[in-house]
$ cat work-v1.txt   # compact mmCIF, C-alpha atoms and all ligand atoms
# COMPACT_ATOMS: atom_id res chain seq x y z
CA GLU A 258 15.49 94.31 1.78
CA ASP A 259 13.53 93.98 5.02
CA ALA A 260 10.57 92.60 3.11
CA GLU A 261 12.75 89.84 1.68
CA LYS A 262 13.72 88.82 5.18
CA ALA A 263 10.10 87.83 5.73
CA GLY A 264 10.05 89.14 9.30
CA PHE A 265 13.37 87.59 10.31
CA GLU A 266 16.11 89.84 11.66
CA THR A 267 18.69 88.54 9.19
CA PHE A 268 18.83 86.56 5.98
CA MET A 269 20.81 83.89 7.77
CA LEU A 270 18.08 83.29 10.34
CA LYS A 271 15.47 83.24 7.59
CA GLU A 272 17.52 80.70 5.65
CA ILE A 273 18.03 78.53 8.74
CA HIS A 274 14.25 78.45 9.11
CA GLU A 275 13.72 77.57 5.46
CA GLN A 276 15.49 74.24 5.85
CA PRO A 277 12.49 71.98 6.53
CA ARG A 278 10.78 73.34 3.42
CA VAL A 279 13.87 72.98 1.23
CA ILE A 280 14.40 69.37 2.27
CA ARG A 281 10.73 68.52 1.87
CA GLY A 282 10.88 70.00 -1.62
CA LEU A 283 13.84 67.82 -2.56
CA LEU A 284 12.11 64.71 -1.24
CA ASP A 285 8.88 65.53 -3.08
CA ARG A 286 10.82 65.93 -6.28
CA HIS A 287 12.85 62.76 -6.09
CA LEU A 288 10.87 60.26 -4.02
CA ASP A 289 7.85 58.55 -5.51
CA ALA A 290 4.87 57.32 -3.50
CA ALA A 291 6.44 53.88 -3.17
CA GLY A 292 9.53 55.41 -1.59
CA ARG A 293 11.72 54.89 -4.66
CA ILE A 294 14.32 57.48 -5.43
CA GLU A 295 14.41 58.70 -9.00
CA LEU A 296 17.09 61.03 -10.25
CA ALA A 297 15.63 61.29 -13.70
CA ASP A 298 17.80 64.17 -14.86
CA LEU A 299 21.06 62.29 -14.49
CA PRO A 300 22.39 61.23 -17.88
CA TRP A 301 23.67 57.83 -16.70
CA ASP A 302 22.08 54.38 -16.75
CA ARG A 303 22.28 51.41 -14.43
CA GLU A 304 25.27 50.07 -16.35
CA PHE A 305 27.21 53.25 -15.64
CA PHE A 306 26.74 52.91 -11.89
CA ARG A 307 27.49 49.19 -12.00
CA THR A 308 30.80 49.58 -13.80
CA LEU A 309 31.98 52.57 -11.82
CA ASP A 310 35.21 52.00 -9.95
CA ARG A 311 35.55 54.97 -7.63
CA ILE A 312 34.01 58.28 -6.64
CA MET A 313 36.08 61.39 -6.01
CA ILE A 314 34.28 64.31 -4.33
CA VAL A 315 35.75 67.81 -4.52
CA ALA A 316 34.54 71.04 -2.92
CA CYS A 317 35.50 74.04 -0.78
CA GLY A 318 34.34 75.42 2.55
CA THR A 319 30.95 74.28 3.77
CA ALA A 320 30.39 72.28 0.58
CA TYR A 321 33.54 70.31 1.44
CA HIS A 322 31.97 69.28 4.74
CA ALA A 323 28.89 68.10 2.83
CA GLY A 324 31.29 66.14 0.63
CA MET A 325 32.89 64.49 3.67
CA TYR A 326 29.44 63.41 4.81
CA GLY A 327 28.60 62.26 1.28
CA ARG A 328 31.69 60.09 1.24
CA LEU A 329 30.60 58.21 4.36
CA LEU A 330 27.12 57.61 2.96
CA LEU A 331 28.26 56.56 -0.49
CA GLU A 332 30.91 54.28 0.94
CA ASN A 333 28.43 52.70 3.33
CA LEU A 334 25.66 52.15 0.84
CA THR A 335 27.18 51.67 -2.60
CA GLY A 336 30.23 49.52 -1.91
CA LEU A 337 32.36 51.90 -3.97
CA ALA A 338 35.68 53.41 -2.92
CA VAL A 339 35.02 57.05 -2.23
CA GLU A 340 37.38 59.90 -1.44
CA THR A 341 36.75 63.55 -0.67
CA ASP A 342 39.26 66.31 -1.15
CA LEU A 343 39.44 70.06 -0.95
CA ALA A 344 39.26 71.40 -4.49
CA SER A 345 42.16 73.74 -3.79
CA GLU A 346 44.33 70.72 -2.94
CA PHE A 347 42.91 68.31 -5.50
CA ARG A 348 43.72 70.54 -8.45
CA TYR A 349 47.42 70.46 -7.59
CA ARG A 350 47.62 66.75 -6.89
CA ASN A 351 48.37 63.98 -9.28
CA PRO A 352 45.22 62.00 -8.43
CA LYS A 353 44.87 58.42 -9.56
CA ILE A 354 41.58 58.86 -11.37
CA SER A 355 40.44 57.64 -14.76
CA GLY A 356 37.37 57.26 -16.94
CA ASP A 357 35.66 54.97 -14.43
CA THR A 358 35.98 57.46 -11.58
CA LEU A 359 32.92 59.62 -11.07
CA VAL A 360 34.03 63.06 -9.92
CA ILE A 361 31.41 64.89 -7.87
CA ALA A 362 31.77 68.66 -7.43
CA VAL A 363 29.73 70.18 -4.60
CA SER A 364 29.10 73.91 -4.79
CA GLN A 365 26.35 76.23 -3.68
CA SER A 366 27.23 79.00 -6.13
CA GLY A 367 28.64 76.93 -8.97
CA GLU A 368 31.31 79.58 -9.39
CA THR A 369 34.08 78.69 -6.92
CA ALA A 370 37.35 78.95 -8.84
CA ASP A 371 39.11 75.96 -7.26
CA THR A 372 36.10 73.66 -7.69
CA LEU A 373 35.71 74.73 -11.31
CA ALA A 374 39.42 74.15 -11.98
CA SER A 375 39.13 70.69 -10.39
CA ILE A 376 36.33 69.57 -12.67
CA ARG A 377 38.14 70.93 -15.71
CA MET A 378 41.14 68.84 -14.72
CA ALA A 379 38.97 65.77 -14.13
CA ARG A 380 37.26 66.08 -17.50
CA GLU A 381 40.60 66.41 -19.25
CA ILE A 382 41.57 63.09 -17.70
CA GLY A 383 38.29 61.65 -19.02
CA CYS A 384 36.27 61.37 -15.80
CA PRO A 385 32.51 61.85 -15.87
CA VAL A 386 31.56 64.82 -13.67
CA LEU A 387 28.44 65.22 -11.58
CA SER A 388 27.81 68.49 -9.82
CA ILE A 389 25.65 68.97 -6.74
CA CYS A 390 24.83 72.61 -7.17
CA ASN A 391 22.32 75.27 -6.19
CA VAL A 392 22.53 77.70 -9.10
CA PRO A 393 21.17 76.74 -12.55
CA GLY A 394 23.26 78.10 -15.39
CA SER A 395 26.36 78.54 -13.22
CA SER A 396 29.81 77.73 -14.57
CA ILE A 397 30.11 74.43 -12.69
CA VAL A 398 26.67 73.33 -13.89
CA ARG A 399 27.53 74.20 -17.49
CA GLU A 400 30.77 72.26 -17.34
CA SER A 401 29.38 69.10 -15.73
CA ASP A 402 28.04 65.98 -17.44
CA GLY A 403 25.22 65.61 -14.92
CA VAL A 404 23.70 67.84 -12.27
CA LEU A 405 21.79 67.18 -9.08
CA PHE A 406 20.27 70.50 -8.12
CA THR A 407 19.96 71.29 -4.43
CA ASP A 408 16.98 73.61 -5.11
CA ALA A 409 17.53 75.53 -1.88
CA GLY A 410 16.59 78.85 -3.49
CA LEU A 411 18.66 82.01 -3.32
CA GLU A 412 21.01 81.97 -0.34
CA ILE A 413 22.01 85.48 0.68
CA GLY A 414 23.68 85.04 4.08
CA VAL A 415 27.40 84.60 3.45
CA ALA A 416 27.54 81.72 5.92
CA SER A 417 25.90 78.80 4.16
CA THR A 418 23.05 77.03 5.96
CA LYS A 419 20.15 75.81 3.83
CA ALA A 420 22.49 75.00 0.94
CA TYR A 421 24.42 72.71 3.29
CA THR A 422 21.48 70.64 4.50
CA ALA A 423 20.25 70.49 0.89
CA GLN A 424 23.67 69.15 -0.16
CA GLN A 425 23.49 66.56 2.62
CA THR A 426 20.02 65.55 1.43
CA ALA A 427 21.24 65.33 -2.17
CA PHE A 428 23.99 62.94 -1.05
CA ILE A 429 21.48 60.76 0.81
CA LEU A 430 19.31 60.56 -2.30
CA LEU A 431 22.29 59.87 -4.56
CA ALA A 432 23.74 57.20 -2.27
CA LEU A 433 20.42 55.36 -2.04
CA TYR A 434 19.86 55.68 -5.78
CA ALA A 435 23.32 54.43 -6.75
CA ALA A 436 23.10 51.65 -4.17
CA ARG A 437 19.81 50.44 -5.67
CA LEU A 438 21.17 50.47 -9.22
CA ARG A 439 24.22 48.53 -8.04
CA ASP A 440 22.05 46.08 -6.05
CA GLU A 441 24.06 46.93 -2.98
CA VAL A 442 21.25 47.80 -0.59
CA GLU A 443 18.57 45.52 0.81
CA PRO A 444 15.07 46.85 0.07
CA GLU A 445 14.24 46.79 3.81
CA ARG A 446 17.26 48.90 4.68
CA SER A 447 16.50 51.31 1.90
CA ALA A 448 12.88 51.59 3.08
CA GLU A 449 14.02 52.22 6.63
CA LEU A 450 16.31 55.03 5.49
CA VAL A 451 13.63 56.58 3.28
CA GLU A 452 11.13 56.52 6.11
CA ALA A 453 13.61 58.23 8.42
CA LEU A 454 14.46 60.69 5.66
CA ARG A 455 10.83 61.72 5.37
CA ARG A 456 10.80 62.58 9.08
CA ILE A 457 13.82 64.91 8.90
CA PRO A 458 11.92 68.13 8.04
CA ASP A 459 9.75 67.71 11.15
CA ALA A 460 12.78 66.94 13.28
CA ILE A 461 14.47 70.14 12.08
CA HIS A 462 11.29 72.03 12.80
CA TYR A 463 11.43 70.69 16.34
CA VAL A 464 14.99 72.04 16.74
CA LEU A 465 13.92 75.43 15.34
CA GLU A 466 11.08 75.63 17.82
CA ARG A 467 13.62 75.33 20.61
CA GLN A 468 15.90 78.06 19.37
CA ASP A 469 15.47 80.15 22.52
CA ALA A 470 17.03 77.40 24.62
CA ILE A 471 19.96 77.23 22.18
CA ARG A 472 20.22 81.00 22.31
CA ALA A 473 20.53 80.90 26.12
CA ILE A 474 23.43 78.43 25.83
CA ALA A 475 25.13 80.58 23.18
CA GLU A 476 24.76 83.69 25.33
CA LYS A 477 26.25 81.93 28.31
CA HIS A 478 29.38 80.82 26.45
CA HIS A 479 29.84 83.53 23.84
CA ASP A 480 32.70 85.46 25.43
CA GLY A 481 35.30 82.67 25.57
CA ALA A 482 38.43 82.91 23.46
CA SER A 483 37.91 79.58 21.80
CA SER A 484 35.76 76.48 21.62
CA LEU A 485 36.20 72.89 20.57
CA TYR A 486 33.69 70.89 18.51
CA LEU A 487 33.91 67.10 18.65
CA GLY A 488 32.13 64.52 16.55
CA ARG A 489 32.83 61.12 15.15
CA LYS A 490 32.02 59.13 12.01
CA PHE A 491 28.87 60.62 10.41
CA ASN A 492 29.11 63.62 12.71
CA TYR A 493 32.78 64.39 12.30
CA PRO A 494 31.90 66.62 9.33
CA THR A 495 29.12 68.12 11.50
CA ALA A 496 31.73 69.10 14.11
CA LEU A 497 33.84 70.74 11.40
CA GLU A 498 30.84 72.58 10.01
CA GLY A 499 29.69 73.74 13.46
CA ALA A 500 33.15 75.14 14.19
CA LEU A 501 33.30 76.79 10.77
CA LYS A 502 29.93 78.50 11.29
CA ASN A 503 31.13 79.78 14.64
CA LYS A 504 34.37 81.17 13.18
CA GLU A 505 32.67 82.72 10.18
CA ILE A 506 30.04 84.75 11.96
CA SER A 507 31.07 85.15 15.60
CA TYR A 508 34.82 85.64 14.93
CA GLN A 509 35.49 83.38 17.87
CA HIS A 510 38.17 80.80 17.33
CA ALA A 511 36.65 77.35 17.09
CA GLU A 512 38.19 74.07 16.21
CA GLY A 513 36.37 71.05 14.87
CA TYR A 514 38.00 67.74 15.64
CA ALA A 515 37.39 64.05 15.21
CA ALA A 516 36.52 62.97 18.76
CA GLY A 517 38.86 59.98 18.59
CA GLU A 518 41.77 62.34 17.94
CA MET A 519 41.19 64.40 21.06
CA LYS A 520 43.88 62.52 22.91
CA HIS A 521 46.41 63.48 20.25
CA GLY A 522 46.38 67.19 20.91
CA PRO A 523 43.20 69.08 21.80
CA ILE A 524 43.06 67.45 25.24
CA ALA A 525 45.92 69.79 26.18
CA LEU A 526 43.61 72.76 25.64
CA ILE A 527 40.95 71.65 28.07
CA ASN A 528 40.51 73.74 31.18
CA GLU A 529 37.60 75.26 33.07
CA TYR A 530 37.12 77.96 30.42
CA LEU A 531 36.94 75.88 27.26
CA PRO A 532 33.46 75.14 25.90
CA VAL A 533 33.50 71.68 24.31
CA ILE A 534 30.58 71.08 22.01
CA CYS A 535 30.23 67.35 21.67
CA ILE A 536 27.92 65.55 19.25
CA CYS A 537 26.68 62.39 20.95
CA THR A 538 23.58 61.48 18.97
CA GLN A 539 24.71 58.28 17.22
CA THR A 540 23.14 56.15 19.91
CA ARG A 541 23.00 52.88 17.98
CA ASP A 542 26.52 53.24 16.72
CA GLU A 543 29.63 51.53 18.01
CA VAL A 544 31.25 54.95 18.42
CA TYR A 545 28.65 56.22 20.92
CA ASP A 546 30.41 54.77 23.97
CA LYS A 547 33.71 56.13 22.76
CA VAL A 548 32.31 59.63 22.46
CA VAL A 549 30.90 59.32 25.99
CA SER A 550 34.43 58.36 27.14
CA ASN A 551 35.71 61.55 25.52
CA LEU A 552 33.15 63.47 27.56
CA LYS A 553 34.40 61.85 30.75
CA GLU A 554 37.91 63.00 29.90
CA VAL A 555 36.70 66.54 29.31
CA GLU A 556 34.75 66.46 32.56
CA ALA A 557 37.77 65.20 34.52
CA ARG A 558 39.64 68.30 33.31
CA ASN A 559 36.78 70.64 34.22
CA GLY A 560 36.00 71.48 30.60
CA ARG A 561 32.58 72.98 29.97
CA ILE A 562 30.55 70.41 28.08
CA ILE A 563 27.73 71.34 25.76
CA ALA A 564 26.33 68.01 24.60
CA LEU A 565 24.17 67.50 21.56
CA VAL A 566 22.14 64.43 22.42
CA THR A 567 19.09 62.46 21.35
CA GLU A 568 15.96 63.10 23.39
CA GLY A 569 15.86 60.67 26.29
CA ASP A 570 19.62 60.12 26.26
CA GLU A 571 21.04 59.48 29.71
CA ASN A 572 24.73 58.63 29.44
CA ALA A 573 26.08 61.69 27.69
CA SER A 574 23.53 63.97 29.33
CA ARG A 575 24.77 63.22 32.82
CA LEU A 576 28.19 64.63 32.00
CA ALA A 577 27.08 67.86 30.34
CA GLU A 578 26.81 71.37 31.72
CA ASP A 579 24.38 72.26 28.93
CA LEU A 580 22.26 70.06 26.73
CA ILE A 581 20.73 70.40 23.31
CA ALA A 582 18.34 67.53 22.63
CA VAL A 583 17.23 66.58 19.13
CA PRO A 584 14.62 64.03 18.02
CA PRO A 585 15.81 60.48 17.39
CA THR A 586 16.67 59.36 13.88
CA LEU A 587 18.96 56.86 12.19
CA ASP A 588 22.62 57.50 12.96
CA GLU A 589 23.41 57.98 9.27
CA LEU A 590 20.90 60.79 8.95
CA SER A 591 21.53 62.56 12.25
CA PRO A 592 24.00 65.09 10.77
CA VAL A 593 21.19 66.81 8.84
CA ILE A 594 19.33 67.55 12.07
CA ASN A 595 22.36 68.16 14.28
CA VAL A 596 23.90 70.82 12.11
CA VAL A 597 20.81 73.00 12.46
CA ALA A 598 21.36 73.16 16.22
CA LEU A 599 24.98 74.15 15.61
CA GLN A 600 23.96 76.81 13.08
CA LEU A 601 21.72 78.34 15.75
CA LEU A 602 24.44 78.09 18.38
CA ALA A 603 26.85 80.00 16.13
CA TYR A 604 24.12 82.43 15.13
CA TYR A 605 23.28 83.47 18.67
CA ALA A 606 26.94 83.61 19.70
CA ALA A 607 27.49 86.02 16.81
CA GLN A 608 24.47 88.05 17.81
CA ALA A 609 25.73 88.29 21.40
CA ARG A 610 29.10 89.42 20.05
CA GLY A 611 27.47 92.04 17.85
CA THR A 612 28.90 91.03 14.47
CA ASP A 613 27.48 91.68 11.02
CA ILE A 614 25.93 88.23 10.66
CA ASP A 615 24.82 88.37 7.03
CA LYS A 616 28.06 89.95 5.85
CA PRO A 617 30.90 88.79 8.08
CA ARG A 618 34.17 90.62 7.64
CA ASN A 619 36.66 89.44 5.01
CA LEU A 620 34.40 86.71 3.62
CA ALA A 621 32.78 86.46 0.22
CA LYS A 622 29.67 84.48 -0.68
CA SER A 623 31.43 83.07 -3.67
CA VAL A 624 35.19 82.97 -4.26
CA THR A 625 35.67 83.24 -7.98
CA VAL A 626 39.41 83.87 -7.92
CA GLU A 627 42.08 81.54 -6.68
C1 LIG B 701 32.90 80.75 0.32
C2 LIG B 701 31.61 80.90 1.12
C3 LIG B 701 31.29 79.57 1.82
C4 LIG B 701 31.24 78.45 0.83
C5 LIG B 701 32.51 78.35 0.00
C6 LIG B 701 32.33 77.41 -1.17
O1 LIG B 701 33.97 80.61 1.20
O2 LIG B 701 31.74 81.94 2.06
O3 LIG B 701 30.04 79.69 2.48
O4 LIG B 701 31.02 77.23 1.50
O5 LIG B 701 32.84 79.63 -0.56
O6 LIG B 701 31.36 77.94 -2.02
P1 LIG B 701 30.47 77.16 -3.02
O7 LIG B 701 29.62 78.20 -3.68
O8 LIG B 701 31.41 76.48 -3.99
O9 LIG B 701 29.70 76.17 -2.26
$ encode --input "work-v1.txt" --output "structure tokens"
Amino acid sequence: EDAEKAGFETFMLKEIHEQPRVIRGLLDRHLDAAGRIELADLPWDREFFRTLDRIMIVACGTAYHAGMYGRLLLENLTGLAVETDLASEFRYRNPKISGDTLVIAVSQSGETADTLASIRMAREIGCPVLSICNVPGSSIVRESDGVLFTDAGLEIGVASTKAYTAQQTAFILLALYAARLRDEVEPERSAELVEALRRIPDAIHYVLERQDAIRAIAEKHHDGASSLYLGRKFNYPTALEGALKNKEISYQHAEGYAAGEMKHGPIALINEYLPVICICTQTRDEVYDKVVSNLKEVEARNGRIIALVTEGDENASRLAEDLIAVPPTLDELSPVINVVALQLLAYYAAQARGTDIDKPRNLAKSVTVE
């Protein structure tokens, strides 16, 4: 088993470090030299994407957070109405979907019972089903009309890491592909996104090289009872995923929240003991100033701010007790880089708390029963 860890202390840390390679692999497979995305294995033509009415994304756990991110990208780029739901909720709804709704199931294992039940329901209604999945031959793959493989390789750590960033990457590729077929994206904008996409593996590598600084922050804050993760728009799902990672492996209560909702509840929790991890990297976005305002409110209540910022950032940085700086990228793509910092933060908090990181208590890698 130690040999398979390739010198890393856990599978989870090894898998965190595999992320640049996994993403590069996906880009090599689906991007041609001219920067055009080809998803040749999908069984649908241009006409299919043009006549589509809606997209419904279903998933559980970490894959659900990837689906939330996917929704924002698809909505932004393709002009389609997109919704994301938890598979365990979706399967008991009476969703208004029909033959021109593409249902996308996101699943690392391809065996999650609720996700499988959701696609069975969707196919009965007559919806085409695309799965974004990591395991060839899995039940969800076998029962889908089309598959976009995440090709992240075997993921052993129960807390998902490389499968998540691979799912995010798959959504970026799919959104750009569908947008091109639907003539919804300007070639210049598409080229700009592709260029930024190609730089993501190096940006993640940069974050990994600074893991000791992230470790020091995790060690400083690891003994609190709780922590709050805030993010907005593209990084709202990142905040949820960061909090989930922390809960899963460090057993410390953590809550992910949409930053704009802080005033509707979580603000009551803020005191001098509460670490608030705030994602402030969307520097070109209209929400940046609003997130900085959130930080000011946390600061005024003596909350302990850990800010995730873009290198060179000044506004958010001034308010933070601790800083994690990541390389600049386009706002839309920043979640793929940011989440790696949050994976490491959770990882080192768990290590400081002495938990069984690869096999956290009560959790299963794949939940095949309801
Ligand atoms: C379990 C795992 C999570 C995973 C979720 C969905 O809860 O512990 O890491 O995100 O199932 O699994 P799937 O295989 O469908 O992505």
$ residues_near_ligand --input "work-v1.txt" --ligand "ligand LIG 701 (chain B)" --cutoff "9 Å" --atoms "all atoms listed in the file" --output "PyMOL selection string"
chain A and resi 316-322+362-373+390-392+414-418+420-421+502+505+620-625
$ closest_atom_pairs --input "work-v1.txt" --of "segment 332-391 of chain A" --to "segment 433-437 of chain A" --cutoff "10 Å" --atoms "only C-alpha atoms" --output "tab-separated table"
residue	atom	partner	partner_atom	distance
A:Glu332	CA	A:Ala436	CA	9.7
A:Asn333	CA	A:Ala436	CA	9.3
A:Leu334	CA	A:Ala436	CA	5.6
A:Thr335	CA	A:Ala436	CA	4.4
A:Gly336	CA	A:Ala436	CA	7.8
A:Leu337	CA	A:Ala436	CA	9.3
$ write_last_selection --input "work-v1.txt" --atoms "C-alpha atoms" --output "short mmCIF file (atom, residue, chain, number, x, y, z; two decimals), keeping the file's coordinate frame"
data_model
loop_
_atom_site.label_atom_id
_atom_site.label_comp_id
_atom_site.auth_asym_id
_atom_site.auth_seq_id
_atom_site.Cartn_x
_atom_site.Cartn_y
_atom_site.Cartn_z
CA GLU A 332 30.91 54.28 0.94
CA ASN A 333 28.43 52.70 3.33
CA LEU A 334 25.66 52.15 0.84
CA THR A 335 27.18 51.67 -2.60
CA GLY A 336 30.23 49.52 -1.91
CA LEU A 337 32.36 51.90 -3.97
#
$ closest_atom_pairs --input "work-v1.txt" --of "segment 464-579 of chain A" --to "segment 274-282 of chain A" --cutoff "12 Å" --atoms "all atoms listed in the file" --output "tab-separated table"
residue	atom	partner	partner_atom	distance
A:Val464	CA	A:His274	CA	10.0
A:Leu465	CA	A:His274	CA	6.9
A:Glu466	CA	A:His274	CA	9.7
A:Arg467	CA	A:His274	CA	11.9
A:Gln468	CA	A:His274	CA	10.4
$ closest_residue --input "work-v1.txt" --among "A:Thr612, A:Ser484, A:Asn559, A:Thr407" --to "Ala323 of chain A" --atoms "only C-alpha atoms"
A:Thr407
$ closest_residue --input "work-v1.txt" --among "A:Tyr530, A:Tyr605, A:Trp301, A:Phe347" --to "Asp402 of chain A" --atoms "all atoms listed in the file"
A:Trp301
$ atom_distance --input "work-v1.txt" --atom1 "atom CA of Ile457 of chain A" --atom2 "atom CA of Gly324 of chain A"
19.4 Å
$ atom_distance --input "work-v1.txt" --atom1 "atom CA of Val549 of chain A" --atom2 "atom CA of Tyr463 of chain A"
24.5 Å
$ closest_residue --input "work-v1.txt" --among "A:Val386, A:Ile361, A:Leu590, A:Leu309" --to "Ala453 of chain A" --atoms "only C-alpha atoms"
A:Leu590
$ residues_around --input "work-v1.txt" --residues "Glu543 of chain A" --least-positions-apart "5" --cutoff "12 Å" --atoms "only C-alpha atoms" --output "list in words"
Arg489, Lys490, Phe491, Cys537, Thr538, Val548, Val549 and Asp588 of chain A
$ residues_around --input "work-v1.txt" --residues "segment 567-577 of chain A" --least-positions-apart "3" --cutoff "10 Å" --atoms "all atoms listed in the file" --output "number ranges by chain"
A: 533-540, 545-546, 548-553, 555-557, 560-564, 580-586, 591, 595
$ atom_distance --input "work-v1.txt" --atom1 "atom CA of Thr267 of chain A" --atom2 "atom CA of Ile614 of chain A"
7.4 Å
$ closest_residue --input "work-v1.txt" --among "A:His479, A:Lys520, A:Arg472, A:Arg439" --to "Lys504 of chain A" --atoms "all atoms listed in the file"
A:His479
$ axis_aligned_box --input "work-v1.txt" --around "segment 392-402 of chain A" --padding-each-side "4 Å" --output "JSON"
{"center_x": 26.0, "center_y": 72.3, "center_z": -13.3, "size_x": 17.6, "size_y": 20.6, "size_z": 16.4}
$ residues_around --input "work-v1.txt" --residues "Tyr514 of chain A" --least-positions-apart "6" --cutoff "8 Å" --atoms "all atoms listed in the file" --output "PDB file with C-alpha atoms, in the coordinates of the input"
ATOM      1  CA  LEU A 485      36.200  72.890  20.570  1.00  0.00           C
ATOM      2  CA  TYR A 486      33.690  70.890  18.510  1.00  0.00           C
ATOM      3  CA  LEU A 487      33.910  67.100  18.650  1.00  0.00           C
ATOM      4  CA  GLY A 488      32.130  64.520  16.550  1.00  0.00           C
ATOM      5  CA  TYR A 493      32.780  64.390  12.300  1.00  0.00           C
ATOM      6  CA  ALA A 496      31.730  69.100  14.110  1.00  0.00           C
ATOM      7  CA  LEU A 497      33.840  70.740  11.400  1.00  0.00           C
TER       8      LEU A 497
END
$ residues_around --input "work-v1.txt" --residues "segment 375-385 of chain A" --least-positions-apart "6" --cutoff "6 Å" --atoms "only C-alpha atoms" --output "PyMOL selection string"
chain A and resi 344+348+355-356+358-359
$ residues_around --input "work-v1.txt" --residues "Leu599 of chain A" --least-positions-apart "5" --cutoff "9 Å" --atoms "only C-alpha atoms" --output "list in words"
Ile471, Thr495, Ala496, Glu498, Gly499, Ala500, Lys502, Asn503, Leu565 and Tyr604 of chain A
$ build_atoms --input "work-v1.txt" --residues "segment 259-271 of chain A" --atoms "N, CA and C atoms" --output "PDB file, in the coordinates of the input"
ATOM      1  N   ASP A 259      14.209  94.519   3.856  1.00  0.00           N
ATOM      2  CA  ASP A 259      13.530  93.980   5.020  1.00  0.00           C
ATOM      3  C   ASP A 259      12.389  93.042   4.634  1.00  0.00           C
ATOM      4  N   ALA A 260      11.691  93.402   3.564  1.00  0.00           N
ATOM      5  CA  ALA A 260      10.570  92.600   3.110  1.00  0.00           C
ATOM      6  C   ALA A 260      11.058  91.196   2.738  1.00  0.00           C
ATOM      7  N   GLU A 261      12.227  91.135   2.103  1.00  0.00           N
ATOM      8  CA  GLU A 261      12.750  89.840   1.680  1.00  0.00           C
ATOM      9  C   GLU A 261      13.155  88.968   2.858  1.00  0.00           C
ATOM     10  N   LYS A 262      13.343  89.610   3.991  1.00  0.00           N
ATOM     11  CA  LYS A 262      13.720  88.820   5.180  1.00  0.00           C
ATOM     12  C   LYS A 262      12.494  88.177   5.825  1.00  0.00           C
ATOM     13  N   ALA A 263      11.336  88.464   5.285  1.00  0.00           N
ATOM     14  CA  ALA A 263      10.100  87.830   5.730  1.00  0.00           C
ATOM     15  C   ALA A 263       9.922  87.861   7.253  1.00  0.00           C
ATOM     16  N   GLY A 264      10.249  89.000   7.850  1.00  0.00           N
ATOM     17  CA  GLY A 264      10.050  89.140   9.300  1.00  0.00           C
ATOM     18  C   GLY A 264      11.228  88.674  10.145  1.00  0.00           C
ATOM     19  N   PHE A 265      12.194  88.007   9.541  1.00  0.00           N
ATOM     20  CA  PHE A 265      13.370  87.590  10.310  1.00  0.00           C
ATOM     21  C   PHE A 265      14.355  88.745  10.409  1.00  0.00           C
ATOM     22  N   GLU A 266      15.178  88.736  11.458  1.00  0.00           N
ATOM     23  CA  GLU A 266      16.110  89.840  11.660  1.00  0.00           C
ATOM     24  C   GLU A 266      17.289  89.816  10.679  1.00  0.00           C
ATOM     25  N   THR A 267      17.591  88.656  10.163  1.00  0.00           N
ATOM     26  CA  THR A 267      18.690  88.540   9.190  1.00  0.00           C
ATOM     27  C   THR A 267      18.303  87.522   8.113  1.00  0.00           C
ATOM     28  N   PHE A 268      19.038  87.583   7.010  1.00  0.00           N
ATOM     29  CA  PHE A 268      18.830  86.560   5.980  1.00  0.00           C
ATOM     30  C   PHE A 268      19.259  85.191   6.497  1.00  0.00           C
ATOM     31  N   MET A 269      20.322  85.189   7.292  1.00  0.00           N
ATOM     32  CA  MET A 269      20.810  83.890   7.770  1.00  0.00           C
ATOM     33  C   MET A 269      19.757  83.181   8.611  1.00  0.00           C
ATOM     34  N   LEU A 270      19.100  83.930   9.500  1.00  0.00           N
ATOM     35  CA  LEU A 270      18.080  83.290  10.340  1.00  0.00           C
ATOM     36  C   LEU A 270      16.904  82.818   9.481  1.00  0.00           C
ATOM     37  N   LYS A 271      16.555  83.638   8.505  1.00  0.00           N
ATOM     38  CA  LYS A 271      15.470  83.240   7.590  1.00  0.00           C
ATOM     39  C   LYS A 271      15.858  81.930   6.871  1.00  0.00           C
TER      40      LYS A 271
END
